>>> print(open('final.cif').read())   # mmCIF, C-alpha atoms
data_run
loop_
_atom_site.label_atom_id
_atom_site.label_comp_id
_atom_site.auth_asym_id
_atom_site.auth_seq_id
_atom_site.Cartn_x
_atom_site.Cartn_y
_atom_site.Cartn_z
CA MET H 1 -49.60 32.52 18.52
CA ASP H 2 -48.53 28.94 17.86
CA LYS H 3 -44.72 28.79 17.70
CA ILE H 4 -44.67 26.82 14.45
CA ILE H 5 -46.96 29.32 12.70
CA PHE H 6 -44.94 32.20 14.15
CA LEU H 7 -41.71 30.82 12.70
CA LYS H 8 -43.35 30.00 9.36
CA GLU H 9 -44.47 33.60 9.12
CA LYS H 10 -40.99 34.84 9.97
CA ALA H 11 -39.48 32.61 7.26
CA ASN H 12 -42.07 33.94 4.79
CA LEU H 13 -41.09 37.52 5.64
CA LEU H 14 -37.42 36.67 5.19
CA ARG H 15 -38.23 35.30 1.74
CA GLN H 16 -40.15 38.43 0.80
CA ASP H 17 -37.23 40.59 1.90
CA ILE H 18 -34.82 38.47 -0.15
CA ILE H 19 -36.87 38.92 -3.32
CA GLU H 20 -37.32 42.65 -2.80
CA MET H 21 -33.73 43.51 -1.98
CA ILE H 22 -32.16 41.38 -4.71
CA SER H 23 -34.62 42.71 -7.29
CA ILE H 24 -33.85 46.32 -6.32
CA ALA H 25 -30.11 45.63 -6.37
CA GLY H 26 -30.35 43.82 -9.71
CA SER H 27 -27.77 41.38 -8.39
CA GLY H 28 -27.49 38.68 -5.75
CA HIS H 29 -28.12 35.04 -4.92
CA PRO H 30 -31.81 34.24 -4.39
CA GLY H 31 -31.78 30.43 -4.74
CA GLY H 32 -29.73 29.48 -1.71
CA SER H 33 -31.07 32.39 0.33
CA LEU H 34 -34.61 31.10 -0.14
CA SER H 35 -33.68 27.48 0.59
CA SER H 36 -32.16 28.41 3.98
CA ALA H 37 -34.91 30.76 5.18
CA ASP H 38 -36.70 28.30 7.46
CA ILE H 39 -33.40 27.40 9.14
CA LEU H 40 -32.47 31.01 9.88
CA ALA H 41 -35.98 31.84 11.03
CA CYS H 42 -35.70 29.10 13.65
CA LEU H 43 -32.22 30.18 14.66
CA TYR H 44 -32.75 33.92 15.00
CA PHE H 45 -36.29 33.89 16.38
CA ASN H 46 -36.14 30.85 18.65
CA VAL H 47 -32.75 29.20 19.17
CA LEU H 48 -29.94 31.77 19.37
CA ARG H 49 -29.14 33.67 22.53
CA HIS H 50 -28.38 37.12 21.15
CA ASN H 51 -29.06 40.76 21.88
CA PRO H 52 -29.56 43.23 19.00
CA LYS H 53 -29.02 46.10 21.44
CA ASP H 54 -25.62 44.68 22.35
CA PRO H 55 -24.17 42.82 19.31
CA GLU H 56 -20.86 42.32 21.14
CA TRP H 57 -22.44 40.70 24.21
CA GLU H 58 -19.72 38.35 25.40
CA ASP H 59 -21.98 35.38 26.17
CA ARG H 60 -24.03 35.52 22.97
CA ASP H 61 -24.35 32.46 20.76
CA ARG H 62 -22.39 32.87 17.53
CA PHE H 63 -23.77 32.36 14.03
CA VAL H 64 -21.42 32.12 11.06
CA LEU H 65 -22.73 32.26 7.49
CA SER H 66 -20.04 30.18 5.83
CA LYS H 67 -21.79 30.34 2.45
CA GLY H 68 -21.53 34.09 2.50
CA HIS H 69 -23.14 34.68 -0.90
CA VAL H 70 -26.60 34.13 0.64
CA CYS H 71 -26.14 37.19 2.85
CA PRO H 72 -29.51 38.73 1.80
CA LEU H 73 -31.08 36.12 4.07
CA LEU H 74 -28.79 37.01 6.95
CA TYR H 75 -29.36 40.75 6.46
CA SER H 76 -33.12 40.23 6.54
CA ALA H 77 -32.91 38.19 9.75
CA LEU H 78 -30.68 40.79 11.41
CA ALA H 79 -32.91 43.68 10.37
CA ARG H 80 -36.08 41.96 11.55
CA CYS H 81 -34.42 41.25 14.89
CA GLY H 82 -33.57 44.94 15.26
CA TYR H 83 -29.85 45.14 14.52
CA PHE H 84 -30.51 47.91 11.99
CA PRO H 85 -33.58 49.50 10.30
CA LEU H 86 -35.55 47.45 7.78
CA GLU H 87 -35.36 50.33 5.29
CA GLU H 88 -31.64 49.69 4.91
CA LEU H 89 -32.32 46.34 3.22
CA LYS H 90 -33.08 48.31 0.05
CA THR H 91 -29.45 49.46 -0.05
CA LEU H 92 -28.10 45.95 -0.73
CA ARG H 93 -24.93 46.08 -2.86
CA LYS H 94 -25.06 49.86 -3.22
CA ILE H 95 -21.91 51.98 -2.95
CA ASN H 96 -21.15 52.97 0.66
CA THR H 97 -23.85 50.71 2.16
CA HIS H 98 -22.90 48.36 4.98
CA LEU H 99 -24.89 45.61 3.24
CA GLN H 100 -22.39 44.36 0.70
CA GLY H 101 -22.61 41.32 -1.57
CA HIS H 102 -20.88 39.25 1.10
CA PRO H 103 -21.03 39.79 4.87
CA ASP H 104 -18.60 42.32 6.33
CA SER H 105 -18.11 42.07 10.09
CA GLN H 106 -16.44 45.47 10.15
CA LYS H 107 -19.49 47.22 8.75
CA THR H 108 -22.64 45.28 9.61
CA PRO H 109 -23.98 44.92 13.18
CA GLY H 110 -24.59 41.27 14.07
CA VAL H 111 -22.20 39.80 11.49
CA GLU H 112 -19.64 37.71 13.37
CA ILE H 113 -17.10 37.24 10.58
CA SER H 114 -16.60 38.33 6.97
CA THR H 115 -17.27 35.35 4.69
CA GLY H 116 -17.42 34.54 1.02
CA SER H 117 -14.38 32.39 0.35
CA LEU H 118 -16.04 29.01 0.73
CA GLY H 119 -14.69 26.77 3.46
CA GLN H 120 -13.33 29.57 5.60
CA GLY H 121 -16.51 30.20 7.56
CA ILE H 122 -16.70 26.76 9.09
CA SER H 123 -12.99 26.97 9.93
CA THR H 124 -13.66 30.22 11.79
CA ALA H 125 -16.61 28.64 13.57
CA VAL H 126 -14.34 25.84 14.80
CA GLY H 127 -11.99 28.47 16.20
CA MET H 128 -14.85 30.26 17.96
CA ALA H 129 -16.09 27.01 19.49
CA LEU H 130 -12.60 26.06 20.63
CA ALA H 131 -12.14 29.51 22.19
CA GLY H 132 -15.41 29.02 24.05
CA LYS H 133 -14.12 25.75 25.48
CA ILE H 134 -10.78 27.26 26.50
CA ASP H 135 -12.49 30.26 28.12
CA LYS H 136 -15.10 28.00 29.80
CA LYS H 137 -17.95 29.92 28.18
CA SER H 138 -21.46 28.54 27.74
CA TYR H 139 -22.16 30.00 24.31
CA ARG H 140 -22.82 27.79 21.30
CA VAL H 141 -21.59 28.29 17.74
CA TYR H 142 -23.79 27.64 14.72
CA VAL H 143 -22.53 27.65 11.14
CA LEU H 144 -24.48 27.35 7.88
CA ILE H 145 -22.61 25.67 5.04
CA GLY H 146 -23.58 24.88 1.45
CA ASP H 147 -23.59 21.54 -0.32
CA GLY H 148 -21.37 22.93 -3.08
CA GLU H 149 -19.12 24.30 -0.37
CA ILE H 150 -18.32 20.85 1.02
CA GLU H 151 -16.35 20.18 -2.15
CA GLU H 152 -13.70 22.40 -0.55
CA GLY H 153 -10.93 20.50 1.23
CA GLU H 154 -10.76 23.11 3.98
CA VAL H 155 -14.23 22.04 5.13
CA TRP H 156 -12.94 18.57 5.93
CA GLU H 157 -9.87 19.90 7.72
CA ALA H 158 -12.25 21.91 9.90
CA ALA H 159 -14.46 18.87 10.41
CA MET H 160 -11.47 16.79 11.52
CA SER H 161 -10.31 19.50 13.92
CA ALA H 162 -13.77 19.96 15.48
CA SER H 163 -14.02 16.25 16.17
CA HIS H 164 -10.48 16.05 17.55
CA TYR H 165 -11.24 18.77 20.11
CA LYS H 166 -14.69 17.28 20.92
CA LEU H 167 -16.46 20.58 20.19
CA ASN H 168 -19.96 19.67 21.33
CA ASN H 169 -20.69 23.43 21.43
CA LEU H 170 -20.48 23.53 17.62
CA CYS H 171 -23.46 22.82 15.35
CA ALA H 172 -23.14 22.96 11.56
CA ILE H 173 -26.16 23.05 9.28
CA LEU H 174 -25.75 21.83 5.71
CA ASP H 175 -28.19 23.43 3.27
CA TYR H 176 -28.51 20.41 0.99
CA ASN H 177 -30.52 21.78 -1.95
CA GLY H 178 -28.66 19.73 -4.55
CA LEU H 179 -27.64 22.59 -6.85
CA GLN H 180 -24.60 24.83 -7.16
CA ILE H 181 -23.76 27.52 -9.69
CA ASP H 182 -22.58 25.05 -12.35
CA GLY H 183 -25.42 22.55 -11.96
CA PRO H 184 -26.45 19.55 -9.84
CA ILE H 185 -24.02 18.71 -7.04
CA LYS H 186 -23.90 15.07 -8.03
CA GLU H 187 -22.78 15.99 -11.55
CA VAL H 188 -20.28 18.72 -10.68
CA MET H 189 -18.55 16.90 -7.82
CA ASN H 190 -20.51 14.11 -6.16
CA SER H 191 -20.09 14.37 -2.38
CA GLU H 192 -22.24 11.39 -1.44
CA PRO H 193 -22.52 9.58 0.86
CA ILE H 194 -22.72 12.78 2.89
CA PRO H 195 -24.07 11.48 6.24
CA GLU H 196 -21.55 8.66 6.29
CA LYS H 197 -18.68 11.04 5.55
CA TRP H 198 -19.52 13.31 8.48
CA CYS H 199 -19.99 10.31 10.76
CA SER H 200 -16.57 9.01 9.74
CA PHE H 201 -15.09 12.37 10.72
CA GLY H 202 -16.52 11.94 14.20
CA TRP H 203 -19.61 14.15 14.02
CA HIS H 204 -23.07 13.44 15.39
CA THR H 205 -25.26 13.49 12.27
CA ILE H 206 -28.95 14.39 11.97
CA GLU H 207 -30.94 14.38 8.71
CA ILE H 208 -34.09 16.49 8.40
CA ASP H 209 -36.51 18.16 6.03
CA GLY H 210 -35.02 21.66 6.04
CA HIS H 211 -38.44 23.23 5.48
CA ASP H 212 -40.21 21.48 8.34
CA ILE H 213 -40.11 23.88 11.30
CA LEU H 214 -40.72 21.20 13.92
CA GLU H 215 -37.97 18.98 12.52
CA ILE H 216 -35.56 21.92 12.49
CA LEU H 217 -36.33 22.83 16.11
CA ASN H 218 -36.06 19.21 17.27
CA ALA H 219 -32.70 18.87 15.52
CA PHE H 220 -31.30 21.94 17.29
CA GLU H 221 -32.59 20.59 20.60
CA GLU H 222 -30.96 17.22 19.95
CA ALA H 223 -27.67 18.91 19.07
CA GLU H 224 -27.60 20.64 22.45
CA GLN H 225 -27.75 17.28 24.22
CA ILE H 226 -24.64 15.83 22.54
CA LYS H 227 -21.77 15.73 25.02
CA ASP H 228 -18.59 14.60 23.26
CA LYS H 229 -18.65 15.64 19.61
CA PRO H 230 -19.84 18.35 17.20
CA THR H 231 -23.15 17.99 15.40
CA ILE H 232 -24.10 18.49 11.78
CA ILE H 233 -27.72 18.86 10.69
CA ILE H 234 -28.09 17.78 7.08
CA ALA H 235 -31.12 19.78 5.96
CA HIS H 236 -32.70 18.57 2.72
CA THR H 237 -34.02 21.71 1.05
CA ILE H 238 -35.30 23.06 -2.25
CA LYS H 239 -33.30 25.71 -4.07
CA GLY H 240 -35.50 28.77 -4.51
CA LYS H 241 -38.08 27.46 -2.02
CA GLY H 242 -41.32 29.40 -1.93
CA VAL H 243 -41.23 30.83 -5.45
CA SER H 244 -42.64 28.46 -8.05
CA PHE H 245 -40.52 29.54 -11.02
CA MET H 246 -37.32 29.56 -8.97
CA GLU H 247 -37.64 26.19 -7.27
CA ASN H 248 -34.94 23.74 -8.41
CA VAL H 249 -33.85 26.13 -11.19
CA VAL H 250 -30.07 26.39 -11.19
CA GLU H 251 -30.01 29.74 -13.00
CA PHE H 252 -31.45 31.42 -9.91
CA HIS H 253 -28.39 30.48 -7.89
CA GLY H 254 -27.01 33.92 -8.72
CA LYS H 255 -29.55 35.69 -10.93
CA ALA H 256 -31.76 38.53 -9.70
CA PRO H 257 -35.46 38.44 -10.55
CA THR H 258 -36.73 41.13 -12.89
CA GLU H 259 -39.23 43.67 -11.59
CA GLN H 260 -42.09 41.65 -13.04
CA GLU H 261 -40.71 38.36 -11.68
CA ALA H 262 -40.34 39.96 -8.27
CA LYS H 263 -44.01 41.00 -8.29
CA ILE H 264 -45.08 37.45 -9.13
CA ALA H 265 -42.79 35.98 -6.47
CA LEU H 266 -43.99 38.37 -3.77
CA ASN H 267 -47.61 37.66 -4.65
CA GLU H 268 -46.98 33.92 -4.31
CA LEU H 269 -45.34 34.37 -0.92
CA LYS H 270 -48.16 36.59 0.36
CA GLU H 271 -50.77 34.08 -0.83
CA GLU H 272 -48.87 31.30 0.93
CA LYS H 273 -48.96 33.26 4.18
CA LYS H 274 -52.77 33.57 3.98
CA LYS H 275 -53.09 29.79 4.22
CA TRP H 276 -51.82 29.79 7.81
CA LYS H 277 -54.39 32.37 8.84
CA ASN H 278 -57.29 30.12 7.87
#
>>> encode(input="final.cif", output="structure tokens")
Amino acid sequence: MDKIIFLKEKANLLRQDIIEMISIAGSGHPGGSLSSADILACLYFNVLRHNPKDPEWEDRDRFVLSKGHVCPLLYSALARCGYFPLEELKTLRKINTHLQGHPDSQKTPGVEISTGSLGQGISTAVGMALAGKIDKKSYRVYVLIGDGEIEEGEVWEAAMSASHYKLNNLCAILDYNGLQIDGPIKEVMNSEPIPEKWCSFGWHTIEIDGHDILEILNAFEEAEQIKDKPTIIIAHTIKGKGVSFMENVVEFHGKAPTEQEAKIALNELKEEKKKWKN
């Protein structure tokens, strides 16, 4: 199967899982989970060196979900890679499940660090990358951050530190969908010019269409070639991507679809998948 089609299908499955599990839970964050699905499909099914049978493998690449509220996406990727059974996705946010509303590294196989407090994930990723350098390890560290998240000062402290230590084994991906819980990013706290800011902090900067599989893969490949600085991939995405009534709708940042909405959304995603078969 063509690699691009393979990864598109994986992203589509991740989106279906997101809709199903959040609908069953009656709570969660579909918008940002859907916007990042193509990125995580590329990471988990093509880029990352990881072993579901040995989550603690010392030389594995690390992935940190700094915007921890979109954990349904991460849980789907982990389940579909074999870290735990797919059936467990239906237990999202239930009492005693290991799939809580934010990632818990003490409970969920494949989760590197507990996240949710915005800004802390990228700081942890910097520490992991620095440890890799000190220990002379070959693993790479990837971290997904949100565009609302970069309003946090801690993000820029982490950015400054990563540049200072020349952490070329660190790659951040910014899910730039333009919306946060209170509305458009540019109205809540305008962070532009974003590429120029990261460049000024000493990062190699790449801008892409975050839904174009080839562009995503090429960006990750480019990041691996950078020798003296960390890389950030600024991925322009659509909040709620793949579901017509969720796309660019701020309310679906943290609102679960109803049972009927979930049926419509899943039907749209399944119809989209048929297009690649023809």
>>> resolve_selection(input="final.cif", expression="the PyMOL selection byres ((chain H and resi 262) around 12)", output="PDB file with C-alpha atoms, keeping the file's coordinate frame")
ATOM      1  CA  ARG H  15     -38.230  35.300   1.740  1.00  0.00           C
ATOM      2  CA  GLN H  16     -40.150  38.430   0.800  1.00  0.00           C
ATOM      3  CA  ASP H  17     -37.230  40.590   1.900  1.00  0.00           C
ATOM      4  CA  ILE H  18     -34.820  38.470  -0.150  1.00  0.00           C
ATOM      5  CA  ILE H  19     -36.870  38.920  -3.320  1.00  0.00           C
ATOM      6  CA  GLU H  20     -37.320  42.650  -2.800  1.00  0.00           C
ATOM      7  CA  MET H  21     -33.730  43.510  -1.980  1.00  0.00           C
ATOM      8  CA  ILE H  22     -32.160  41.380  -4.710  1.00  0.00           C
ATOM      9  CA  SER H  23     -34.620  42.710  -7.290  1.00  0.00           C
ATOM     10  CA  ILE H  24     -33.850  46.320  -6.320  1.00  0.00           C
ATOM     11  CA  ALA H  25     -30.110  45.630  -6.370  1.00  0.00           C
ATOM     12  CA  GLY H  26     -30.350  43.820  -9.710  1.00  0.00           C
ATOM     13  CA  PRO H  30     -31.810  34.240  -4.390  1.00  0.00           C
ATOM     14  CA  VAL H 243     -41.230  30.830  -5.450  1.00  0.00           C
ATOM     15  CA  SER H 244     -42.640  28.460  -8.050  1.00  0.00           C
ATOM     16  CA  PHE H 245     -40.520  29.540 -11.020  1.00  0.00           C
ATOM     17  CA  MET H 246     -37.320  29.560  -8.970  1.00  0.00           C
ATOM     18  CA  LYS H 255     -29.550  35.690 -10.930  1.00  0.00           C
ATOM     19  CA  ALA H 256     -31.760  38.530  -9.700  1.00  0.00           C
ATOM     20  CA  PRO H 257     -35.460  38.440 -10.550  1.00  0.00           C
ATOM     21  CA  THR H 258     -36.730  41.130 -12.890  1.00  0.00           C
ATOM     22  CA  GLU H 259     -39.230  43.670 -11.590  1.00  0.00           C
ATOM     23  CA  GLN H 260     -42.090  41.650 -13.040  1.00  0.00           C
ATOM     24  CA  GLU H 261     -40.710  38.360 -11.680  1.00  0.00           C
ATOM     25  CA  LYS H 263     -44.010  41.000  -8.290  1.00  0.00           C
ATOM     26  CA  ILE H 264     -45.080  37.450  -9.130  1.00  0.00           C
ATOM     27  CA  ALA H 265     -42.790  35.980  -6.470  1.00  0.00           C
ATOM     28  CA  LEU H 266     -43.990  38.370  -3.770  1.00  0.00           C
ATOM     29  CA  ASN H 267     -47.610  37.660  -4.650  1.00  0.00           C
ATOM     30  CA  GLU H 268     -46.980  33.920  -4.310  1.00  0.00           C
ATOM     31  CA  LEU H 269     -45.340  34.370  -0.920  1.00  0.00           C
TER      32      LEU H 269
END
>>> closest_residue(input="final.cif", among="H:Ile232, H:Leu130, H:Val70, H:Met189", to="H:Ser27", atoms="only C-alpha atoms")
H:Val70
>>> resolve_selection(input="final.cif", expression="the PyMOL selection byres ((chain H and resi 202-204) around 8)", output="PDB file with C-alpha atoms, in the frame of the given file")
ATOM      1  CA  ALA H 159     -14.460  18.870  10.410  1.00  0.00           C
ATOM      2  CA  MET H 160     -11.470  16.790  11.520  1.00  0.00           C
ATOM      3  CA  SER H 163     -14.020  16.250  16.170  1.00  0.00           C
ATOM      4  CA  TRP H 198     -19.520  13.310   8.480  1.00  0.00           C
ATOM      5  CA  CYS H 199     -19.990  10.310  10.760  1.00  0.00           C
ATOM      6  CA  SER H 200     -16.570   9.010   9.740  1.00  0.00           C
ATOM      7  CA  PHE H 201     -15.090  12.370  10.720  1.00  0.00           C
ATOM      8  CA  THR H 205     -25.260  13.490  12.270  1.00  0.00           C
ATOM      9  CA  ILE H 206     -28.950  14.390  11.970  1.00  0.00           C
ATOM     10  CA  ILE H 226     -24.640  15.830  22.540  1.00  0.00           C
ATOM     11  CA  LYS H 229     -18.650  15.640  19.610  1.00  0.00           C
ATOM     12  CA  PRO H 230     -19.840  18.350  17.200  1.00  0.00           C
ATOM     13  CA  THR H 231     -23.150  17.990  15.400  1.00  0.00           C
ATOM     14  CA  ILE H 232     -24.100  18.490  11.780  1.00  0.00           C
TER      15      ILE H 232
END
>>> closest_residue(input="final.cif", among="H:Leu92, H:Ile150, H:Ile173, H:Leu86", to="H:Ile216", atoms="all atoms listed in the file")
H:Ile173
>>> resolve_selection(input="final.cif", expression="the PyMOL selection byres ((chain H and resi 39) around 8)", output="MDAnalysis selection string")
chainID H and resid 36:38 40:43 210:211 213 216
>>> atom_distance(input="final.cif", atom1="atom CA of H:Asp54", atom2="atom CA of H:Ile95")
26.6 Å
>>> closest_residue(input="final.cif", among="H:Asp228, H:Leu167, H:Asn96, H:His236", to="H:Ile194", atoms="all atoms listed in the file")
H:His236
>>> closest_atom_pairs(input="final.cif", of="stretch 12-78 of chain H", to="stretch 117-126 of chain H", cutoff="9 Å", atoms="all atoms listed in the file", output="tab-separated table")
residue	atom	partner	partner_atom	distance
H:Arg62	CA	H:Ala125	CA	8.2
H:Phe63	CA	H:Ala125	CA	8.1
H:Val64	CA	H:Gly121	CA	6.3
H:Leu65	CA	H:Gly121	CA	6.6
H:Ser66	CA	H:Gly121	CA	3.9
H:Lys67	CA	H:Leu118	CA	6.1
H:Gly68	CA	H:Ser117	CA	7.7
>>> closest_residue(input="final.cif", among="H:Pro109, H:Arg80, H:Leu13, H:Gly183", to="H:Lys53", atoms="only C-alpha atoms")
H:Pro109
>>> closest_residue(input="final.cif", among="H:Ala131, H:Leu179, H:Cys81, H:Val188", to="H:Val249", atoms="all atoms listed in the file")
H:Leu179
>>> closest_residue(input="final.cif", among="H:Glu187, H:Glu157, H:Glu88, H:Glu112", to="H:Arg60", atoms="all atoms listed in the file")
H:Glu112
>>> atom_distance(input="final.cif", atom1="atom CA of H:Lys186", atom2="atom CA of H:Ile234")
15.9 Å
>>> atom_distance(input="final.cif", atom1="atom CA of H:Ser161", atom2="atom CA of H:Leu217")
26.3 Å
>>> build_atoms(input="final.cif", residues="stretch 173-204 of chain H", atoms="N, CA and C atoms", output="PDB file, in the coordinates of the input")
ATOM      1  N   ILE H 173     -24.941  23.380  10.027  1.00  0.00           N
ATOM      2  CA  ILE H 173     -26.160  23.050   9.280  1.00  0.00           C
ATOM      3  C   ILE H 173     -25.798  23.057   7.808  1.00  0.00           C
ATOM      4  N   LEU H 174     -26.032  21.945   7.144  1.00  0.00           N
ATOM      5  CA  LEU H 174     -25.750  21.830   5.710  1.00  0.00           C
ATOM      6  C   LEU H 174     -27.034  22.079   4.932  1.00  0.00           C
ATOM      7  N   ASP H 175     -27.047  23.135   4.139  1.00  0.00           N
ATOM      8  CA  ASP H 175     -28.190  23.430   3.270  1.00  0.00           C
ATOM      9  C   ASP H 175     -28.043  22.560   2.026  1.00  0.00           C
ATOM     10  N   TYR H 176     -28.675  21.397   2.058  1.00  0.00           N
ATOM     11  CA  TYR H 176     -28.510  20.410   0.990  1.00  0.00           C
ATOM     12  C   TYR H 176     -29.645  20.565  -0.023  1.00  0.00           C
ATOM     13  N   ASN H 177     -29.487  21.561  -0.925  1.00  0.00           N
ATOM     14  CA  ASN H 177     -30.520  21.780  -1.950  1.00  0.00           C
ATOM     15  C   ASN H 177     -30.174  21.141  -3.290  1.00  0.00           C
ATOM     16  N   GLY H 178     -28.998  20.539  -3.380  1.00  0.00           N
ATOM     17  CA  GLY H 178     -28.660  19.730  -4.550  1.00  0.00           C
ATOM     18  C   GLY H 178     -28.146  20.475  -5.767  1.00  0.00           C
ATOM     19  N   LEU H 179     -28.081  21.820  -5.689  1.00  0.00           N
ATOM     20  CA  LEU H 179     -27.640  22.590  -6.850  1.00  0.00           C
ATOM     21  C   LEU H 179     -26.562  23.596  -6.457  1.00  0.00           C
ATOM     22  N   GLN H 180     -25.573  23.768  -7.325  1.00  0.00           N
ATOM     23  CA  GLN H 180     -24.600  24.830  -7.160  1.00  0.00           C
ATOM     24  C   GLN H 180     -24.544  25.612  -8.455  1.00  0.00           C
ATOM     25  N   ILE H 181     -23.696  26.598  -8.563  1.00  0.00           N
ATOM     26  CA  ILE H 181     -23.760  27.520  -9.690  1.00  0.00           C
ATOM     27  C   ILE H 181     -23.600  26.831 -11.046  1.00  0.00           C
ATOM     28  N   ASP H 182     -22.830  25.729 -11.082  1.00  0.00           N
ATOM     29  CA  ASP H 182     -22.580  25.050 -12.350  1.00  0.00           C
ATOM     30  C   ASP H 182     -23.542  23.904 -12.645  1.00  0.00           C
ATOM     31  N   GLY H 183     -24.464  23.623 -11.714  1.00  0.00           N
ATOM     32  CA  GLY H 183     -25.420  22.550 -11.960  1.00  0.00           C
ATOM     33  C   GLY H 183     -25.632  21.663 -10.748  1.00  0.00           C
ATOM     34  N   PRO H 184     -26.201  20.474 -10.954  1.00  0.00           N
ATOM     35  CA  PRO H 184     -26.450  19.550  -9.840  1.00  0.00           C
ATOM     36  C   PRO H 184     -25.150  19.140  -9.154  1.00  0.00           C
ATOM     37  N   ILE H 185     -25.185  19.090  -7.833  1.00  0.00           N
ATOM     38  CA  ILE H 185     -24.020  18.710  -7.040  1.00  0.00           C
ATOM     39  C   ILE H 185     -23.451  17.368  -7.494  1.00  0.00           C
ATOM     40  N   LYS H 186     -24.354  16.423  -7.708  1.00  0.00           N
ATOM     41  CA  LYS H 186     -23.900  15.070  -8.030  1.00  0.00           C
ATOM     42  C   LYS H 186     -23.217  14.978  -9.382  1.00  0.00           C
ATOM     43  N   GLU H 187     -23.439  15.978 -10.247  1.00  0.00           N
ATOM     44  CA  GLU H 187     -22.780  15.990 -11.550  1.00  0.00           C
ATOM     45  C   GLU H 187     -21.478  16.797 -11.520  1.00  0.00           C
ATOM     46  N   VAL H 188     -21.471  17.867 -10.742  1.00  0.00           N
ATOM     47  CA  VAL H 188     -20.280  18.720 -10.680  1.00  0.00           C
ATOM     48  C   VAL H 188     -19.173  18.054  -9.874  1.00  0.00           C
ATOM     49  N   MET H 189     -19.508  17.604  -8.672  1.00  0.00           N
ATOM     50  CA  MET H 189     -18.550  16.900  -7.820  1.00  0.00           C
ATOM     51  C   MET H 189     -19.358  16.149  -6.763  1.00  0.00           C
ATOM     52  N   ASN H 190     -19.642  14.898  -7.034  1.00  0.00           N
ATOM     53  CA  ASN H 190     -20.510  14.110  -6.160  1.00  0.00           C
ATOM     54  C   ASN H 190     -19.891  13.947  -4.773  1.00  0.00           C
ATOM     55  N   SER H 191     -20.586  14.435  -3.754  1.00  0.00           N
ATOM     56  CA  SER H 191     -20.090  14.370  -2.380  1.00  0.00           C
ATOM     57  C   SER H 191     -20.695  13.232  -1.570  1.00  0.00           C
ATOM     58  N   GLU H 192     -21.614  12.503  -2.156  1.00  0.00           N
ATOM     59  CA  GLU H 192     -22.240  11.390  -1.440  1.00  0.00           C
ATOM     60  C   GLU H 192     -21.221  10.257  -1.192  1.00  0.00           C
ATOM     61  N   PRO H 193     -21.444   9.490  -0.126  1.00  0.00           N
ATOM     62  CA  PRO H 193     -22.520   9.580   0.860  1.00  0.00           C
ATOM     63  C   PRO H 193     -22.205  10.610   1.926  1.00  0.00           C
ATOM     64  N   ILE H 194     -23.007  11.656   1.999  1.00  0.00           N
ATOM     65  CA  ILE H 194     -22.720  12.780   2.890  1.00  0.00           C
ATOM     66  C   ILE H 194     -22.858  12.426   4.373  1.00  0.00           C
ATOM     67  N   PRO H 195     -23.969  11.808   4.804  1.00  0.00           N
ATOM     68  CA  PRO H 195     -24.070  11.480   6.240  1.00  0.00           C
ATOM     69  C   PRO H 195     -22.926  10.585   6.715  1.00  0.00           C
ATOM     70  N   GLU H 196     -22.604   9.588   5.913  1.00  0.00           N
ATOM     71  CA  GLU H 196     -21.550   8.660   6.290  1.00  0.00           C
ATOM     72  C   GLU H 196     -20.191   9.353   6.389  1.00  0.00           C
ATOM     73  N   LYS H 197     -19.950  10.310   5.504  1.00  0.00           N
ATOM     74  CA  LYS H 197     -18.680  11.040   5.550  1.00  0.00           C
ATOM     75  C   LYS H 197     -18.542  11.804   6.867  1.00  0.00           C
ATOM     76  N   TRP H 198     -19.590  12.535   7.239  1.00  0.00           N
ATOM     77  CA  TRP H 198     -19.520  13.310   8.480  1.00  0.00           C
ATOM     78  C   TRP H 198     -19.406  12.403   9.698  1.00  0.00           C
ATOM     79  N   CYS H 199     -20.113  11.275   9.667  1.00  0.00           N
ATOM     80  CA  CYS H 199     -19.990  10.310  10.760  1.00  0.00           C
ATOM     81  C   CYS H 199     -18.554   9.799  10.876  1.00  0.00           C
ATOM     82  N   SER H 200     -17.941   9.534   9.726  1.00  0.00           N
ATOM     83  CA  SER H 200     -16.570   9.010   9.740  1.00  0.00           C
ATOM     84  C   SER H 200     -15.570  10.034  10.256  1.00  0.00           C
ATOM     85  N   PHE H 201     -15.950  11.323  10.177  1.00  0.00           N
ATOM     86  CA  PHE H 201     -15.090  12.370  10.720  1.00  0.00           C
ATOM     87  C   PHE H 201     -15.385  12.646  12.190  1.00  0.00           C
ATOM     88  N   GLY H 202     -16.268  11.846  12.769  1.00  0.00           N
ATOM     89  CA  GLY H 202     -16.520  11.940  14.200  1.00  0.00           C
ATOM     90  C   GLY H 202     -17.607  12.899  14.619  1.00  0.00           C
ATOM     91  N   TRP H 203     -18.519  13.227  13.710  1.00  0.00           N
ATOM     92  CA  TRP H 203     -19.610  14.150  14.020  1.00  0.00           C
ATOM     93  C   TRP H 203     -20.911  13.389  14.291  1.00  0.00           C
ATOM     94  N   HIS H 204     -21.701  13.928  15.214  1.00  0.00           N
ATOM     95  CA  HIS H 204     -23.070  13.440  15.390  1.00  0.00           C
ATOM     96  C   HIS H 204     -23.880  13.977  14.212  1.00  0.00           C
TER      97      HIS H 204
END
